[in-house]
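K.L.:
Got a file for you: run_22.txt, compact mmCIF, C-alpha atoms and all ligand atoms.
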# COMPACT_ATOMS: atom_id res chain seq x y z
CA SER A 103 -78.29 -24.15 -21.31
CA ALA A 104 -76.89 -25.92 -18.24
CA VAL A 105 -76.95 -24.36 -14.78
CA TYR A 106 -74.71 -25.89 -12.10
CA PRO A 107 -75.50 -25.05 -8.47
CA PHE A 108 -72.71 -23.26 -6.61
CA TYR A 109 -73.52 -24.90 -3.28
CA GLY A 110 -72.87 -28.61 -2.77
CA ARG A 111 -70.68 -31.28 -1.26
CA HIS A 112 -67.80 -30.69 -3.65
CA GLN A 113 -67.00 -27.54 -5.58
CA ALA A 114 -68.41 -27.45 -9.11
CA GLY A 115 -65.94 -27.16 -11.99
CA ILE A 116 -64.03 -30.37 -11.25
CA VAL A 117 -66.10 -33.38 -12.31
CA THR A 118 -68.57 -31.04 -14.04
CA PRO A 119 -68.49 -31.86 -17.79
CA ALA A 120 -65.64 -29.62 -19.00
CA GLN A 121 -67.08 -26.43 -20.50
CA ASP A 122 -65.55 -24.94 -23.63
CA ARG A 123 -64.14 -21.69 -22.22
CA LEU A 124 -61.92 -20.73 -19.32
CA HIS A 125 -60.90 -17.62 -17.47
CA PHE A 126 -58.44 -18.56 -14.74
CA ALA A 127 -57.08 -15.99 -12.27
CA ALA A 128 -54.51 -16.06 -9.48
CA PHE A 129 -54.62 -13.36 -6.79
CA ASP A 130 -52.27 -12.12 -4.10
CA VAL A 131 -53.78 -10.83 -0.89
CA SER A 132 -52.86 -7.15 -0.54
CA ALA A 133 -50.43 -5.96 2.11
CA GLY A 134 -52.16 -5.00 5.35
CA THR A 135 -55.24 -7.19 4.80
CA THR A 136 -56.28 -8.84 8.07
CA ARG A 137 -57.60 -12.32 8.69
CA ALA A 138 -61.08 -10.86 9.27
CA GLN A 139 -60.90 -8.98 5.95
CA LEU A 140 -59.79 -12.15 4.16
CA ILE A 141 -62.81 -14.00 5.57
CA GLU A 142 -65.08 -11.14 4.50
CA LEU A 143 -63.66 -11.33 1.00
CA LEU A 144 -64.37 -15.09 0.81
CA GLN A 145 -67.91 -14.43 2.09
CA GLU A 146 -68.53 -11.77 -0.55
CA TRP A 147 -67.00 -13.97 -3.27
CA THR A 148 -69.32 -16.80 -2.21
CA VAL A 149 -72.49 -14.71 -2.42
CA ALA A 150 -71.49 -13.23 -5.78
CA SER A 151 -70.51 -16.64 -7.20
CA ALA A 152 -73.79 -18.21 -6.12
CA ALA A 153 -75.63 -15.37 -7.87
CA MET A 154 -73.62 -15.46 -11.10
CA THR A 155 -73.74 -19.26 -11.47
CA ALA A 156 -77.53 -19.02 -11.03
CA GLY A 157 -77.70 -16.45 -13.83
CA GLN A 158 -78.35 -13.47 -11.56
CA GLU A 159 -76.63 -10.12 -11.46
CA ILE A 160 -74.54 -9.40 -8.39
CA GLY A 161 -75.28 -6.99 -5.59
CA GLU A 162 -78.60 -5.63 -4.43
CA TYR A 163 -79.34 -3.69 -7.60
CA GLY A 164 -77.30 -5.48 -10.28
CA ALA A 165 -76.22 -3.71 -13.45
CA ILE A 166 -78.81 -1.00 -14.11
CA SER A 167 -81.31 -0.67 -11.23
CA GLY A 168 -79.04 1.07 -8.75
CA PRO A 169 -78.76 4.75 -7.90
CA TYR A 170 -77.72 7.07 -10.76
CA ASP A 171 -75.02 8.62 -8.66
CA ALA A 172 -73.13 5.38 -7.90
CA PRO A 173 -71.19 2.93 -10.05
CA PRO A 174 -73.34 -0.12 -10.88
CA GLU A 175 -72.67 -3.13 -8.63
CA ASP A 176 -72.56 -5.52 -11.60
CA SER A 177 -70.46 -4.53 -14.60
CA GLY A 178 -73.32 -5.55 -16.88
CA GLU A 179 -71.82 -7.39 -19.85
CA ALA A 180 -73.54 -10.67 -18.95
CA GLN A 181 -77.04 -9.12 -19.19
CA GLY A 182 -79.17 -11.26 -21.46
CA LEU A 183 -76.64 -14.09 -21.63
CA PRO A 184 -77.46 -17.55 -20.23
CA THR A 185 -74.92 -18.84 -17.68
CA ALA A 186 -73.85 -21.40 -20.29
CA GLY A 187 -72.84 -23.81 -17.54
CA LEU A 188 -70.82 -21.30 -15.51
CA THR A 189 -68.83 -22.81 -12.65
CA ILE A 190 -66.55 -20.88 -10.28
CA THR A 191 -63.96 -22.89 -8.36
CA PHE A 192 -61.72 -21.48 -5.60
CA GLY A 193 -58.30 -22.58 -4.39
CA PHE A 194 -55.73 -21.60 -1.73
CA GLY A 195 -52.02 -21.41 -2.60
CA PRO A 196 -49.15 -22.40 -0.27
CA SER A 197 -48.27 -18.72 0.26
CA LEU A 198 -51.68 -18.01 1.80
CA PHE A 199 -50.63 -20.19 4.73
CA GLU A 200 -47.07 -18.98 4.99
CA THR A 201 -45.05 -16.72 2.71
CA ALA A 202 -41.76 -17.95 1.18
CA ASP A 203 -39.89 -16.10 3.94
CA GLY A 204 -41.97 -17.71 6.67
CA VAL A 205 -44.52 -15.00 7.52
CA ASP A 206 -47.87 -16.28 8.79
CA ARG A 207 -50.12 -13.34 7.79
CA PHE A 208 -53.48 -14.90 8.65
CA GLY A 209 -52.78 -17.35 11.46
CA LEU A 210 -53.03 -20.25 9.03
CA ALA A 211 -49.52 -21.75 9.11
CA ARG A 212 -50.56 -24.53 11.51
CA ARG A 213 -53.41 -25.52 9.21
CA ARG A 214 -51.39 -25.81 6.06
CA PRO A 215 -51.74 -29.27 4.50
CA ALA A 216 -48.42 -31.14 4.63
CA ASP A 217 -48.78 -31.75 0.86
CA LEU A 218 -49.27 -28.07 0.03
CA THR A 219 -45.68 -27.09 -0.68
CA PRO A 220 -44.57 -25.49 -3.95
CA LEU A 221 -44.04 -28.08 -6.71
CA PRO A 222 -40.44 -29.19 -7.26
CA HIS A 223 -38.38 -27.87 -10.15
CA PHE A 224 -38.76 -30.27 -13.09
CA PRO A 225 -36.10 -30.76 -15.79
CA GLY A 226 -36.77 -28.30 -18.62
CA ASP A 227 -38.90 -25.92 -16.54
CA ASP A 228 -38.63 -22.37 -17.86
CA LEU A 229 -41.01 -20.68 -15.45
CA ASP A 230 -41.98 -17.03 -15.40
CA VAL A 231 -42.46 -16.22 -11.68
CA GLY A 232 -44.89 -13.43 -12.53
CA LYS A 233 -47.14 -15.99 -14.21
CA SER A 234 -46.80 -18.62 -11.51
CA ASP A 235 -48.14 -19.26 -8.00
CA GLY A 236 -50.49 -16.96 -6.06
CA ASP A 237 -52.26 -16.80 -2.69
CA LEU A 238 -55.71 -17.56 -4.12
CA CYS A 239 -57.08 -18.83 -7.42
CA ILE A 240 -60.40 -18.73 -9.19
CA GLN A 241 -61.23 -20.99 -12.12
CA ALA A 242 -64.26 -19.75 -14.08
CA CYS A 243 -65.53 -22.07 -16.82
CA SER A 244 -68.50 -21.53 -19.11
CA ASN A 245 -69.51 -22.32 -22.65
CA ASP A 246 -69.70 -18.56 -23.23
CA PRO A 247 -66.36 -16.71 -22.95
CA GLN A 248 -68.05 -13.45 -21.99
CA VAL A 249 -69.77 -15.12 -19.05
CA ALA A 250 -66.45 -16.53 -17.77
CA VAL A 251 -64.71 -13.15 -18.14
CA HIS A 252 -67.63 -11.37 -16.45
CA ALA A 253 -67.22 -13.68 -13.45
CA ILE A 254 -63.49 -13.05 -13.00
CA ARG A 255 -63.88 -9.34 -13.66
CA ASN A 256 -66.57 -8.88 -11.03
CA LEU A 257 -64.81 -11.06 -8.45
CA SER A 258 -61.64 -8.99 -9.00
CA ARG A 259 -63.66 -5.83 -8.49
CA ILE A 260 -65.06 -7.17 -5.23
CA ALA A 261 -61.53 -7.96 -4.09
CA PHE A 262 -60.38 -4.37 -4.62
CA GLY A 263 -58.11 -3.25 -1.77
CA ARG A 264 -57.93 -6.76 -0.28
CA ALA A 265 -56.54 -8.91 -3.10
CA ALA A 266 -55.20 -8.09 -6.56
CA LEU A 267 -54.78 -10.11 -9.72
CA ARG A 268 -51.31 -11.63 -10.00
CA TRP A 269 -51.79 -13.37 -13.35
CA SER A 270 -54.66 -14.70 -15.41
CA GLN A 271 -55.24 -16.91 -18.40
CA LEU A 272 -57.98 -17.21 -21.01
CA GLY A 273 -58.62 -20.58 -22.62
CA PHE A 274 -60.74 -20.94 -25.71
CA GLY A 275 -61.23 -24.67 -26.21
CA ARG A 276 -61.32 -27.49 -23.74
CA THR A 277 -58.59 -30.12 -24.10
CA SER A 278 -60.28 -32.84 -22.14
CA SER A 279 -63.56 -34.48 -21.45
CA THR A 280 -64.57 -35.25 -17.91
CA SER A 281 -67.79 -37.08 -18.77
CA THR A 282 -68.57 -40.01 -21.05
CA SER A 283 -71.42 -37.85 -22.43
CA GLN A 284 -68.85 -35.60 -24.13
CA ALA A 285 -67.00 -36.06 -27.40
CA THR A 286 -63.21 -35.92 -27.05
CA PRO A 287 -61.94 -32.49 -28.16
CA ARG A 288 -58.57 -31.76 -29.80
CA ASN A 289 -55.53 -29.83 -28.65
CA LEU A 290 -53.53 -27.42 -30.85
CA PHE A 291 -51.34 -30.28 -32.13
CA GLY A 292 -54.51 -31.63 -33.72
CA PHE A 293 -54.76 -34.72 -31.49
CA LYS A 294 -57.74 -35.90 -29.48
CA ASP A 295 -57.08 -35.01 -25.86
CA GLY A 296 -58.91 -36.42 -22.87
CA THR A 297 -59.50 -39.97 -24.09
CA ALA A 298 -58.03 -41.75 -21.06
CA ASN A 299 -59.05 -39.02 -18.61
CA ILE A 300 -60.93 -39.71 -15.36
CA LYS A 301 -64.65 -39.41 -16.09
CA ALA A 302 -67.45 -38.33 -13.72
CA GLU A 303 -69.19 -41.64 -14.45
CA GLU A 304 -66.43 -43.53 -12.59
CA PRO A 305 -67.31 -42.52 -8.98
CA ASP A 306 -64.92 -45.06 -7.43
CA VAL A 307 -61.98 -43.70 -9.43
CA VAL A 308 -62.99 -40.12 -8.58
CA THR A 309 -63.14 -41.00 -4.87
CA ASP A 310 -59.83 -42.81 -5.04
CA GLN A 311 -57.89 -40.30 -7.19
CA VAL A 312 -59.54 -36.86 -6.97
CA TRP A 313 -61.09 -36.11 -3.54
CA VAL A 314 -59.01 -35.64 -0.41
CA SER A 315 -60.39 -38.05 2.19
CA ALA A 316 -60.80 -37.32 5.89
CA SER A 317 -57.97 -39.75 6.65
CA ASP A 318 -55.56 -37.91 4.31
CA GLY A 319 -55.81 -34.78 6.48
CA PRO A 320 -56.09 -32.01 7.29
CA ALA A 321 -59.76 -32.30 8.31
CA TRP A 322 -60.71 -28.91 6.82
CA LEU A 323 -59.69 -30.14 3.32
CA ALA A 324 -61.76 -33.37 3.35
CA GLY A 325 -63.92 -33.49 0.22
CA GLY A 326 -61.59 -31.06 -1.52
CA SER A 327 -58.79 -31.64 -4.00
CA TYR A 328 -55.50 -30.19 -5.25
CA LEU A 329 -55.36 -28.13 -8.43
CA VAL A 330 -52.17 -28.01 -10.50
CA ALA A 331 -51.95 -25.40 -13.27
CA ARG A 332 -49.12 -25.46 -15.83
CA ARG A 333 -48.87 -22.92 -18.62
CA ILE A 334 -47.29 -24.91 -21.45
CA ARG A 335 -46.11 -23.18 -24.63
CA MET A 336 -46.43 -25.32 -27.75
CA THR A 337 -44.07 -24.54 -30.62
CA ILE A 338 -46.66 -25.21 -33.24
CA GLU A 339 -44.49 -23.98 -36.13
CA THR A 340 -41.95 -26.76 -35.47
CA TRP A 341 -44.71 -29.27 -34.93
CA ASP A 342 -46.38 -28.32 -38.21
CA ARG A 343 -43.16 -29.16 -40.09
CA SER A 344 -42.86 -32.63 -38.54
CA ILE A 345 -44.12 -35.60 -40.51
CA LEU A 346 -47.34 -37.39 -39.62
CA SER A 347 -45.65 -40.61 -38.52
CA GLU A 348 -43.42 -38.63 -36.11
CA GLN A 349 -46.45 -36.78 -34.74
CA GLU A 350 -48.23 -40.07 -34.04
CA ALA A 351 -45.10 -41.64 -32.52
CA VAL A 352 -44.75 -38.69 -30.11
CA PHE A 353 -48.13 -39.43 -28.55
CA GLY A 354 -48.42 -43.17 -29.29
CA ARG A 355 -51.86 -42.63 -30.79
CA THR A 356 -53.28 -42.01 -34.27
CA LYS A 357 -54.08 -38.44 -35.25
CA GLY A 358 -57.45 -39.26 -36.76
CA ALA A 359 -59.33 -41.57 -34.43
CA GLY A 360 -56.99 -41.15 -31.44
CA ALA A 361 -56.57 -44.93 -31.23
CA PRO A 362 -53.46 -46.40 -29.59
CA LEU A 363 -50.75 -47.31 -32.14
CA SER A 364 -51.05 -50.88 -30.85
CA GLY A 365 -54.46 -51.04 -32.56
CA GLY A 366 -58.18 -50.86 -31.89
CA THR A 367 -60.35 -47.78 -31.61
CA GLU A 368 -60.16 -44.59 -29.50
CA PHE A 369 -61.06 -46.20 -26.20
CA SER A 370 -59.09 -49.45 -26.66
CA GLU A 371 -56.52 -50.00 -23.91
CA PRO A 372 -52.99 -49.48 -25.32
CA ASP A 373 -50.84 -52.63 -25.54
CA PHE A 374 -47.39 -51.35 -24.67
CA ALA A 375 -45.71 -54.70 -25.31
CA LEU A 376 -47.06 -55.23 -28.83
CA ALA A 377 -44.07 -55.30 -31.20
CA GLY A 378 -44.04 -53.62 -34.58
CA ARG A 379 -41.21 -54.02 -37.08
CA ALA A 380 -37.81 -55.25 -35.80
CA ASP A 381 -39.30 -56.00 -32.40
CA GLN A 382 -39.76 -52.34 -31.61
CA PRO A 383 -42.93 -51.80 -29.57
CA LEU A 384 -45.57 -49.96 -31.59
CA ILE A 385 -45.87 -47.46 -28.73
CA GLY A 386 -42.25 -46.35 -28.20
CA ALA A 387 -40.37 -45.88 -24.95
CA ALA A 388 -40.67 -42.08 -25.19
CA ALA A 389 -44.32 -41.93 -26.29
CA HIS A 390 -46.41 -39.51 -24.19
CA VAL A 391 -49.22 -41.98 -23.45
CA ARG A 392 -46.80 -44.68 -22.33
CA LEU A 393 -45.02 -42.38 -19.87
CA ALA A 394 -48.23 -40.79 -18.56
CA HIS A 395 -50.11 -44.09 -18.25
CA PRO A 396 -50.98 -45.38 -14.76
CA ALA A 397 -48.88 -48.49 -15.52
CA GLN A 398 -45.74 -46.28 -15.40
CA ASN A 399 -46.89 -44.30 -12.35
CA ASN A 400 -47.91 -46.77 -9.64
CA GLY A 401 -51.51 -46.71 -10.79
CA THR A 402 -51.80 -42.93 -10.45
CA LYS A 403 -54.41 -41.07 -12.48
CA LEU A 404 -55.16 -37.37 -12.85
CA LEU A 405 -58.39 -35.57 -13.68
CA ARG A 406 -57.23 -33.33 -16.53
CA ARG A 407 -59.25 -30.19 -17.29
CA GLY A 408 -57.01 -28.00 -19.45
CA TYR A 409 -57.63 -25.49 -22.25
CA ASN A 410 -56.06 -24.32 -25.50
CA PHE A 411 -54.74 -20.77 -25.58
CA VAL A 412 -53.28 -18.36 -28.12
CA ASP A 413 -51.99 -15.15 -26.54
CA GLY A 414 -51.25 -13.11 -29.66
CA ASN A 415 -47.94 -13.55 -31.47
CA ASP A 416 -44.25 -12.78 -31.09
CA GLU A 417 -42.20 -10.36 -33.21
CA LEU A 418 -41.19 -13.21 -35.55
CA GLY A 419 -44.80 -13.85 -36.49
CA ARG A 420 -45.15 -17.01 -34.43
CA LEU A 421 -48.35 -17.60 -32.48
CA LYS A 422 -47.91 -17.68 -28.71
CA ALA A 423 -49.93 -20.86 -28.53
CA GLY A 424 -50.15 -23.55 -25.95
CA LEU A 425 -52.08 -25.61 -23.51
CA PHE A 426 -53.09 -24.30 -20.13
CA PHE A 427 -52.88 -27.63 -18.30
CA ILE A 428 -55.09 -28.03 -15.24
CA SER A 429 -55.35 -31.23 -13.26
CA PHE A 430 -57.19 -32.14 -10.09
CA GLN A 431 -55.86 -34.87 -7.83
CA ARG A 432 -56.13 -36.15 -4.28
CA SER A 433 -52.45 -35.40 -3.68
CA PRO A 434 -49.94 -33.22 -5.57
CA ALA A 435 -47.64 -36.28 -5.52
CA GLN A 436 -49.81 -37.77 -8.29
CA PHE A 437 -48.98 -34.89 -10.62
CA THR A 438 -45.32 -34.87 -9.57
CA SER A 439 -44.91 -38.57 -10.35
CA VAL A 440 -46.34 -38.22 -13.86
CA GLN A 441 -44.60 -34.93 -14.62
CA LEU A 442 -41.17 -36.22 -13.50
CA ASN A 443 -41.58 -39.12 -15.89
CA LEU A 444 -42.63 -36.82 -18.71
CA ALA A 445 -40.01 -34.13 -18.02
CA ARG A 446 -37.23 -36.73 -18.23
CA HIS A 447 -38.27 -38.83 -21.20
CA ASP A 448 -41.29 -37.50 -23.13
CA ALA A 449 -40.82 -37.21 -26.93
CA LEU A 450 -43.25 -34.28 -26.68
CA ASN A 451 -40.58 -32.18 -24.91
CA GLU A 452 -39.08 -31.24 -28.29
CA TYR A 453 -42.28 -29.30 -29.02
CA ILE A 454 -43.34 -27.85 -25.65
CA ARG A 455 -42.02 -25.68 -22.82
CA HIS A 456 -43.50 -25.28 -19.35
CA VAL A 457 -43.56 -21.52 -18.65
CA GLY A 458 -45.94 -21.17 -15.70
CA SER A 459 -46.81 -23.28 -12.67
CA ALA A 460 -49.08 -23.13 -9.66
CA LEU A 461 -50.50 -25.41 -6.99
CA PHE A 462 -53.63 -24.76 -4.93
CA ALA A 463 -55.60 -26.63 -2.29
CA VAL A 464 -59.24 -26.66 -3.36
CA PRO A 465 -61.59 -26.81 -0.38
CA ALA A 466 -64.72 -28.93 -0.42
CA GLY A 467 -68.02 -27.49 -1.55
CA THR A 468 -69.83 -24.73 0.31
CA LEU A 469 -73.07 -25.22 2.19
CA ASP A 470 -75.88 -22.73 1.61
CA GLY A 471 -75.35 -19.97 4.17
CA GLY A 472 -71.65 -20.77 4.55
CA TYR A 473 -68.70 -19.45 2.59
CA VAL A 474 -66.03 -21.08 0.50
CA GLY A 475 -63.24 -22.50 2.68
CA ALA A 476 -65.08 -21.80 5.96
CA PRO A 477 -63.76 -24.97 7.69
CA LEU A 478 -60.21 -23.60 7.27
CA PHE A 479 -61.05 -20.64 9.48
CA ALA A 480 -63.25 -22.49 12.00
C1 LIG B 501 -52.68 -38.28 -22.46
C2 LIG B 501 -51.54 -34.32 -25.01
C3 LIG B 501 -49.19 -32.49 -21.17
C4 LIG B 501 -50.77 -36.23 -18.51
C5 LIG B 501 -52.54 -37.38 -23.50
C6 LIG B 501 -53.01 -37.59 -24.85
C7 LIG B 501 -52.69 -36.47 -25.57
C8 LIG B 501 -52.02 -35.56 -24.66
C9 LIG B 501 -53.00 -36.20 -27.03
C10 LIG B 501 -53.71 -38.85 -25.37
C11 LIG B 501 -55.19 -38.81 -25.24
C12 LIG B 501 -55.70 -38.85 -23.84
O1 LIG B 501 -55.75 -39.92 -23.21
O2 LIG B 501 -56.06 -37.78 -23.34
C13 LIG B 501 -50.78 -33.48 -24.19
C14 LIG B 501 -50.20 -32.22 -24.60
C15 LIG B 501 -49.54 -31.73 -23.52
C16 LIG B 501 -49.70 -32.66 -22.44
C17 LIG B 501 -50.32 -31.61 -26.00
C18 LIG B 501 -48.74 -30.44 -23.37
C19 LIG B 501 -48.84 -29.41 -24.19
C20 LIG B 501 -49.40 -33.36 -20.11
C21 LIG B 501 -48.94 -33.14 -18.76
C22 LIG B 501 -49.39 -34.19 -18.03
C23 LIG B 501 -50.14 -35.06 -18.90
C24 LIG B 501 -48.11 -31.95 -18.29
C25 LIG B 501 -49.22 -34.47 -16.54
C26 LIG B 501 -48.11 -34.23 -15.88
C27 LIG B 501 -51.44 -37.08 -19.35
C28 LIG B 501 -52.07 -38.31 -18.90
C29 LIG B 501 -52.61 -38.92 -20.04
C30 LIG B 501 -52.30 -38.03 -21.15
C31 LIG B 501 -52.15 -38.81 -17.45
C32 LIG B 501 -53.38 -40.24 -20.09
C33 LIG B 501 -52.41 -41.37 -20.26
C34 LIG B 501 -53.14 -42.70 -20.29
O3 LIG B 501 -53.62 -43.13 -19.24
O4 LIG B 501 -53.22 -43.30 -21.35
N1 LIG B 501 -51.93 -36.14 -23.41
N2 LIG B 501 -50.46 -33.71 -22.89
N3 LIG B 501 -50.12 -34.53 -20.16
N4 LIG B 501 -51.59 -36.96 -20.70
FE1 LIG B 501 -50.96 -35.38 -21.80
Using structure tokens, write down the structure from this file.
Ligand code: HEM

P.N.:
Amino acid sequence: SAVYPFYGRHQAGIVTPAQDRLHFAAFDVSAGTTRAQLIELLQEWTVASAAMTAGQEIGEYGAISGPYDAPPEDSGEAQGLPTAGLTITFGFGPSLFETADGVDRFGLARRRPADLTPLPHFPGDDLDVGKSDGDLCIQACSNDPQVAVHAIRNLSRIAFGRAALRWSQLGFGRTSSTSTSQATPRNLFGFKDGTANIKAEEPDVVTDQVWVSASDGPAWLAGGSYLVARRIRMTIETWDRSILSEQEAVFGRTKGAGAPLSGGTEFSEPDFALAGRADQPLIGAAAHVRLAHPAQNNGTKLLRRGYNFVDGNDELGRLKAGLFFISFQRSPAQFTSVQLNLARHDALNEYIRHVGSALFAVPAGTLDGGYVGAPLFA
């Protein structure tokens, strides 16, 4: 089972081959927490994350070796489980730097990246504020759901008194591949998802589209990225009543192989000009892959790393299903460009609803002995 080091130049969990399971959590720093206490929290989170991603229990004594008269330092449910590729990725929300009403709680307002402002309102947005935004985020991915949950649970415990969970999301199946070594998985509409994604094996594209460069500024974020999270409900009952040709037209790809409707196989480049009957292009004007393609977005690409979710059901017996969309990009403007295009014209909009949204600056990787985000506080 894979083990990914916590320390490194970039944070793990971005170009790392997408694991199958997700536990994502957004936190708000608790009232009264000082800058020094925030730094301490990040230091403790770093040490615990390095331990858990290496397959070790947290704390000095772990789950069962501590004193009988104290609560165990590690909650214990990951005992005996391999890390299954656990990665833990941290991000800082706009409100950490300055609250919506302009309060600079931690002396960070001057260091806020110019690009780190809340995302604009997009047409059709139906956002639940309680399931959006946050001062801090942690993305835990693993091929074992219990390992991912153990990570978030223990990091939340460590935060006690200093930061509290604002919202969280479990994901049970990856909806993208981030490496050519992976097979393309499927989303809950039954389509292959991740075909045209940025892959780790394209280092030039990753450098150009994913990592913030020193010249982008601010200096503390160089080697980092921006994480966009969108909780997207999928009305699968409506989708399941739509005919196969409509389903394929919505995406512009076949449901079986995932090939573009203009022909070829899964990884063939779509030909958006190729006419079908009556001079209609085979990939229509409102097809998702046409609107999301770099050709329609000034060459912009995103590194998508989302997950399927089903959060129980509603009182009418419909599954609360969807896609927890995550993308990493060098600038939030990349996401905004694509999402504006989609929000206005995408045929998929008949079957989806964006219900949660968040943006975080993801600092570069941590050096051994340092702590996550240290350059921000230097
Ligand atoms: C492509 C599904 C939301 C950006 C695709 C593909 C599918 C898909 C099946 C084609 C295969 C592939 O290349 O991965 C979905 C579903 C969504 C959703 C079910 C919502 C529930 C979004 C959002 C964005 C986005 C919100 C960004 C704002 C992209 C991009 C591509 C893509 C950039 C690649 C286009 C290309 O270069 O050909 N999506 N998607 N998608 N999607 Fe989505």

K.L.:
Find the spatial neighbours of Gly296 (chain A), counting only C-alpha atoms, within a cut-off of 9 Å - ignore same-chain residues fewer than 6 positions away - and output them as an NGL selection string.

P.N.:
:A and (277-280 or 286-288 or 406-407)

K.L.:
Let me make sure I understand: among A:Ala242, A:Ala316, A:Ile141, A:Leu405, which one has the smallest atom-to-atom distance to Phe192 (chain A) if we use all atoms listed in the file?

P.N.:
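Of A:Ala242, A:Ala316, A:Ile141, A:Leu405, the one nearest Phe192 (chain A), counting all atoms listed in the file, is A:Ala242.
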
K.L.:
Place a sphere of radius 12 Å on (-61.4, -35.7, -13.5) in the file coordinates and name every protein, DNA or RNA residue with an atom inside or on its surface, counting all atoms listed in the file; give the answer as an MDAnalysis selection string.

P.N.:
chainID A and resid 114:120 278:282 296:313 327:329 403:408 428:432

K.L.:
Need the shell around region 331-338 of chain A: protein/DNA/RNA residues with any atom at most 10 Å away, counting only C-alpha atoms. Skip same-chain ones fewer than 5 positions apart. Format as a PyMOL selection string?

P.N.:
chain A and resi 126+227-230+233-235+271+290-291+343-344+407-412+420-430+450-462

K.L.:
Could you work out an axis-aligned bounding box for all listed atoms of region 215-223 of chain A, with 6 Å added on each of the six sides, and give its centre and edge lengths in Å to one decimal, as lines of an AutoDock Vina configuration file?

P.N.:
center_x = -45.1
center_y = -28.6
center_z = -2.8
size_x = 25.4
size_y = 18.3
size_z = 26.8

K.L.:
Write out as a ChimeraX atom specification the residues lying within 10 Å of Leu363 (chain A), counting only C-alpha atoms and excluding same-chain residues fewer than 2 positions away.

P.N.:
/A:350-351,353-357,360-361,365-367,372-374,376,378,383-386

K.L.:
Would you mind listing what lies within 7 Å of region 147-163 of chain A as a compact mmCIF listing (two decimals) with C-alpha atoms, in the frame of the given file, with only C-alpha atoms counted and same-chain residues fewer than 5 positions away left out?

P.N.:
# COMPACT_ATOMS: atom_id res chain seq x y z
CA VAL A 105 -76.95 -24.36 -14.78
CA TYR A 106 -74.71 -25.89 -12.10
CA PRO A 107 -75.50 -25.05 -8.47
CA PHE A 108 -72.71 -23.26 -6.61
CA GLY A 168 -79.04 1.07 -8.75
CA GLU A 175 -72.67 -3.13 -8.63
CA ASP A 176 -72.56 -5.52 -11.60
CA PRO A 184 -77.46 -17.55 -20.23
CA THR A 185 -74.92 -18.84 -17.68
CA LEU A 188 -70.82 -21.30 -15.51
CA THR A 189 -68.83 -22.81 -12.65
CA ILE A 190 -66.55 -20.88 -10.28
CA LEU A 257 -64.81 -11.06 -8.45
CA TYR A 473 -68.70 -19.45 2.59
CA VAL A 474 -66.03 -21.08 0.50

K.L.:
Set the distance at 10 Å and use all atoms listed in the file: which residues neighbour Ser439 (chain A) once local chain neighbours fewer than 2 positions away are removed? I'd like the list as a list in words.

P.N.:
Ala394, Gln398, Asn399, Asn400, Thr402, Pro434, Ala435, Gln436, Phe437, Gln441, Leu442, Asn443 and Leu444 of chain A

K.L.:
Choose the residue, out of A:Asp318, A:Asp237, A:Asp470, A:Glu371, that has the smallest atom-to-atom separation from Ala216 (chain A); count all atoms listed in the file.

P.N.:
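Of A:Asp318, A:Asp237, A:Asp470, A:Glu371, the one nearest Ala216 (chain A), counting all atoms listed in the file, is A:Asp318.
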
K.L.:
Kindly indicate which residue among A:His252, A:Arg379, A:Arg446, A:Arg392 lies nearest to ligand LIG 501 (chain B), using all atoms listed in the file for the distances.

P.N.:
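The answer is A:Arg392, which sits nearest to ligand LIG 501 (chain B).
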
K.L.:
Looking at all atoms listed in the file, which of A:Leu272, A:Cys239, A:Leu221, A:Leu143 is the one that sits closest to ligand LIG 501 (chain B)?

P.N.:
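For ligand LIG 501 (chain B), the nearest of the given residues is A:Leu221.
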
K.L.:
What does the distance between CA of Arg259 (chain A) and CA of Gly110 (chain A) come to in Å, to one decimal place?

P.N.:
25.2 Å

K.L.:
Atom C8 of ligand LIG 501 (chain B) and CA of Asp295 (chain A) are how many Å apart?

P.N.:
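Answer for the atom C8 of ligand LIG 501 (chain B) to CA of Asp295 (chain A) separation: 5.2 Å.
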
K.L.:
Could you tell me how far CA of Thr219 (chain A) sits from CA of Ala388 (chain A), in Å to one decimal place?

P.N.:
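It comes out at 29.2 Å.
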
K.L.:
Taking only C-alpha atoms and all ligand atoms into account, which of A:Asp342, A:Glu368, A:Asp416, A:Asp122 comes nearest ligand LIG 501 (chain B)?

P.N.:
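Of A:Asp342, A:Glu368, A:Asp416, A:Asp122, the one nearest ligand LIG 501 (chain B), counting only C-alpha atoms and all ligand atoms, is A:Glu368.
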
K.L.:
Check the smallest atom-to-atom distance from each of A:Ala445, A:Gly472, A:Trp322, A:Ser364 to ligand LIG 501 (chain B) using only C-alpha atoms and all ligand atoms, then report the winner.

P.N.:
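For ligand LIG 501 (chain B), the nearest of the given residues is A:Ala445.
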
K.L.:
At a cut-off of 10 Å from (-57.0, -17.8, 0.6) in the coordinates of the file, what residues are picked up using only C-alpha atoms, written as a PyMOL selection string?

P.N.:
chain A and resi 129-131+137+140-141+143-144+192-199+208+210+236-239+265+462-464+474-475+478
